[in-house]
Amino acid sequence: MSDDVPLTLGTAGHVDHGKTTLVRALTGVDTDRLPEERRRGLSIALGYAPLTLPSGRRLSVVDVPGHERFVRTMVAGASGIDAYLAVVAADDGVMPQTREHAAVLRALGIERGVVAITKTDLADPATAAAEAGDLLPGAEVVPVAAQTGAGLRELAAALERLADRLPGRAGDPGGARLHIDRVFSVRGAGTVVTGTLWSGALGRGDNVRLLPSGRAARVRGVQVHDAAVERAPAGQRVAVNLVGVERDEVARGDVLVAPGAELAPAWRLDAALEWRADDARAESGDRVQVHHGTREAPARLVALGGRFWQIRLEAPLVAFAGDRVVVRRIAPPDTLGGGTVLDAAPRRHGPTRDGLARLARLERGEPDPPASPPDPRLAERPREPVGPAALSPAALALEARLKAAGLEPPLDSELDPAEAAELPALRAQGRAVRVGRAMHAHPDALGELEREVVAHLEDHGTIALGELRDRLGTSRKFAQALLEHLDAARVTRREGDVRVLRRRGGASPFSGS
């Protein structure tokens with residue numbers, strides 16, 4: 001193996017176009033490891049193999065399923081790759097999943113690759129090569145026949161040229177980050193996780209954290225393609241043996257990070273998104289599936305203007321600014337597009353001129369300006385310190401749910417009886433606030449609401465229901481309840497169809513109820 005930086009290559013292409021057969025011909029490894037895959041002759045799970053190029057350089061290969069039912073598995077495998085090996089059969093040409101896989105690659109920003117036209121022993125490759133060139137411009141196209149071996153040497157040479165042009169990620173800044181795609185136990189060793197190492201390096205003895213759970217663990221050992229190494233740099237497939245966590249405490253989609261990594265589970269993302277086609281463009285308020293790393297979550301999209309959107313997640317993702325996401329329709333499932341995360345921990349907001357300007361700055365790579373000093377009139381009354389141990393696990397879970405829901409909390413009637421029973425304890429400690437008669441919200445969300453509304457009123461004098469709804473990117477139902485709550489809290493006063501600021505001294509009322 002050469003001293004070149006590690007790289008990961010991912011396959012792409014329609015079912016039955018010969019991806020797994022081609023990988024086996026190139027590497028000698030059958031990536032269909034499951035009995036069901038071998039019985040059906042159909043890839044279901046992600047497969048992995050090392051590919052040694054003519055120079056001795058070795059690439060990690062991720063072989064993805066091609067069937068339309070397994071696109072979400074394909075996305076998980078493609079999210080960590082540096083380049084693609086697209087496979088198009090000469091007797092079929094470009095097919096629907098070829099196009100969808102190409103859309104996933106574009107959404108992930110993976111622009112470099114090689115196209116293999118397979119089954120050239122069955123049909124002339126010219127038409128398929130032309131179609132593939134139109135779909136994936138810039139990619140070198142190589143005709144092959146895996147069954148006879150024709151073209152394999154030329155394909156390996158094309159992959160060598162491709163690898164020589166890729167910078168890799170081994171020298172990128174940042175601590176270790178591994179998006180886990182497989183978890184299993186080894187007798188005598190314990191828990192093992194695998195994935196593509198996105199950044200940093202991992203070695204024996206390293207302390208790590210698992211997100212979103214926050215569990216601590218230690219690295220007992222690291223392997224790269226079944227060979228033990230002292231330390232593995234980013235850009236390749238790794239298997240990590242962990243001490244301190246049980247098999248059932250880790251799941252696919254979790255993220256293994258260095259202890260000091262500035263990463264946390266995110267329930268909202270501000271992103272710049274692009275759509276696969278005009279008829280695939282999402283509308284504000286659409287519920288979609290968002291894929292990041294090896295995890296996915298349903299989410300609601302809020303249009304902020306132009307290409308900028310806020311993604312409001314129903315389950316947390318562990319993202320970082322600059323990461324890529326893929327957006328898919330939930331039903332019928334289809335890839336709509338994707339793009340770049342600009343802010344992985346934004347406040348909840350709707351479209352504003354200042355917000356658009358800020359996102360444009362972030363997209364250009366410019367840092368946020370220093371925050372203004374807080375307005376003392378909006379300072380929260382200090383809450384009486386209460387340790388987490390004073391609340392039951394059920395109460396803490398409900399608090400987390402309310403915090404994640406922000407300004408669209410569940411109705412009290414939507415809580416199960418065990419959750420509803422914890423509301424008095426949360427209210428008593430200032431960690432839930434009653435909003436009208438129907439629901440409770442987290443005080444942090446209501447404090448954010450107050451700041452939004454007061455800032456608007458100080459600039460404009462009045463705010464109408466529709467203005468608040470658009471500013472927050474929420475529904476009329478929630479905007480109405482929140483305005484009435486501000487009235488009751490003596491922050492605003494209703495005058496006809498608008499609210500005005502009620503001049504008052506003292507602290508925010510949203511530290512308890």
# chains A, B, ... in the order shown; residues from 1 in each chain; ligands from 1

call {"tool": "closest_atom_pairs", "arguments": {"of": "range 395-439 of chain A", "to": "range 330-349 of chain A", "cutoff": "12 Å", "atoms": "only C-alpha atoms", "output": "Markdown table"}}
result
| residue | atom | partner | partner_atom | distance |
| --- | --- | --- | --- | --- |
| A:Lys403 | CA | A:Arg348 | CA | 11.5 |
| A:Ala404 | CA | A:Arg348 | CA | 10.5 |
| A:Ala405 | CA | A:Arg348 | CA | 10.2 |
| A:Gly406 | CA | A:Arg348 | CA | 7.6 |
| A:Leu407 | CA | A:Arg348 | CA | 8.2 |
| A:Glu408 | CA | A:Arg348 | CA | 10.5 |

call {"tool": "residues_around", "arguments": {"residues": "range 456-462 of chain A", "least_positions_apart": "3", "cutoff": "12 Å", "atoms": "only C-alpha atoms", "output": "list in words"}}
result
Thr352, Leu449, Glu450, Arg451, Glu452, Val453, Leu465, Gly466, Glu467, Leu468, Arg471, Leu472, Val491, Thr492, Arg493, Arg494, Glu495, Gly496, Asp497, Val498, Arg499, Val500, Leu501, Arg502 and Arg503 of chain A

call {"tool": "atom_distance", "arguments": {"atom1": "CA of Leu486 in chain A", "atom2": "CA of Gly447 in chain A"}}
result
10.6 Å

call {"tool": "closest_residue", "arguments": {"among": "A:Arg469, A:Arg276, A:Arg72, A:Lys477", "to": "Gly293 in chain A", "atoms": "only C-alpha atoms"}}
result
A:Arg72

call {"tool": "select_by_dssp", "arguments": {"residues": "range 301-405 of chain A", "states": "alpha helix (DSSP H)", "output": "MDAnalysis selection string"}}
result
chainID A and resid 353:363 393:405

call {"tool": "residues_around", "arguments": {"residues": "Gly171 in chain A", "least_positions_apart": "3", "cutoff": "10 Å", "atoms": "only C-alpha atoms", "output": "list of chain:residue names"}}
result
A:Val5, A:Pro167, A:Gly168, A:Gly174, A:Ser199, A:Gly200, A:Ala201, A:Pro233, A:Ala234, A:Gly235

call {"tool": "write_last_selection", "arguments": {"atoms": "C-alpha atoms", "output": "PDB file, in the first residue's frame"}}
result
ATOM      1  CA  VAL A   5      -4.118   9.626   1.713  1.00  0.00           C
ATOM      2  CA  PRO A 167      -7.414  15.544  -1.813  1.00  0.00           C
ATOM      3  CA  GLY A 168      -8.811  13.154   0.806  1.00  0.00           C
ATOM      4  CA  GLY A 174     -11.387  18.657  13.489  1.00  0.00           C
ATOM      5  CA  SER A 199     -12.532  13.482  10.097  1.00  0.00           C
ATOM      6  CA  GLY A 200      -9.696  13.236  12.597  1.00  0.00           C
ATOM      7  CA  ALA A 201      -8.106   9.923  13.528  1.00  0.00           C
ATOM      8  CA  PRO A 233      -6.736   8.602   9.744  1.00  0.00           C
ATOM      9  CA  ALA A 234      -9.937   9.899   8.172  1.00  0.00           C
ATOM     10  CA  GLY A 235     -11.151   8.896   4.736  1.00  0.00           C
TER      11      GLY A 235
END

call {"tool": "closest_residue", "arguments": {"among": "A:Pro417, A:Pro50, A:Pro137, A:Gly253", "to": "Thr27 in chain A", "atoms": "only C-alpha atoms"}}
result
A:Pro50

call {"tool": "residues_around", "arguments": {"residues": "Glu274 in chain A", "least_positions_apart": "4", "cutoff": "12 Å", "atoms": "only C-alpha atoms", "output": "MDAnalysis selection string"}}
result
chainID A and resid 103:104 106:109 278 280:282 306:309 324:327 335:341

call {"tool": "closest_residue", "arguments": {"among": "A:Asn241, A:Arg476, A:His14, A:Asp286", "to": "Arg187 in chain A", "atoms": "only C-alpha atoms"}}
result
A:Asn241

call {"tool": "residues_around", "arguments": {"residues": "Pro424 in chain A", "least_positions_apart": "6", "cutoff": "12 Å", "atoms": "only C-alpha atoms", "output": "list of chain:residue names"}}
result
A:Leu391, A:Ala395, A:Leu398, A:Glu399, A:Ala418, A:Gly430, A:Arg431, A:Ala432, A:Val433, A:Arg434, A:His440, A:Gly512, A:Ser513

call {"tool": "write_last_selection", "arguments": {"atoms": "C-alpha atoms", "output": "PDB file, in the first residue's frame"}}
result
ATOM      1  CA  LEU A 391     -36.672  15.119  38.767  1.00  0.00           C
ATOM      2  CA  ALA A 395     -39.941  14.269  33.935  1.00  0.00           C
ATOM      3  CA  LEU A 398     -40.805  15.259  29.044  1.00  0.00           C
ATOM      4  CA  GLU A 399     -38.715  18.397  29.560  1.00  0.00           C
ATOM      5  CA  ALA A 418     -47.230   9.091  32.651  1.00  0.00           C
ATOM      6  CA  GLY A 430     -39.804  26.501  36.349  1.00  0.00           C
ATOM      7  CA  ARG A 431     -39.050  23.974  33.629  1.00  0.00           C
ATOM      8  CA  ALA A 432     -42.473  24.028  31.972  1.00  0.00           C
ATOM      9  CA  VAL A 433     -44.902  26.903  31.534  1.00  0.00           C
ATOM     10  CA  ARG A 434     -48.628  26.590  30.979  1.00  0.00           C
ATOM     11  CA  HIS A 440     -47.257  23.571  28.158  1.00  0.00           C
ATOM     12  CA  GLY A 512     -42.233  29.558  35.758  1.00  0.00           C
ATOM     13  CA  SER A 513     -45.963  29.590  36.262  1.00  0.00           C
TER      14      SER A 513
END

call {"tool": "atom_distance", "arguments": {"atom1": "CA of Arg300 in chain A", "atom2": "CA of Val288 in chain A"}}
result
6.3 Å

call {"tool": "atom_distance", "arguments": {"atom1": "CA of Ala146 in chain A", "atom2": "CA of Leu162 in chain A"}}
result
20.2 Å

call {"tool": "closest_residue", "arguments": {"among": "A:Arg69, A:Arg401, A:Thr120, A:Val141", "to": "Ala86 in chain A", "atoms": "only C-alpha atoms"}}
result
A:Val141

call {"tool": "residues_around", "arguments": {"residues": "Val15 in chain A", "least_positions_apart": "5", "cutoff": "9 Å", "atoms": "only C-alpha atoms", "output": "MDAnalysis selection string"}}
result
chainID A and resid 42:43 65:68 97:98
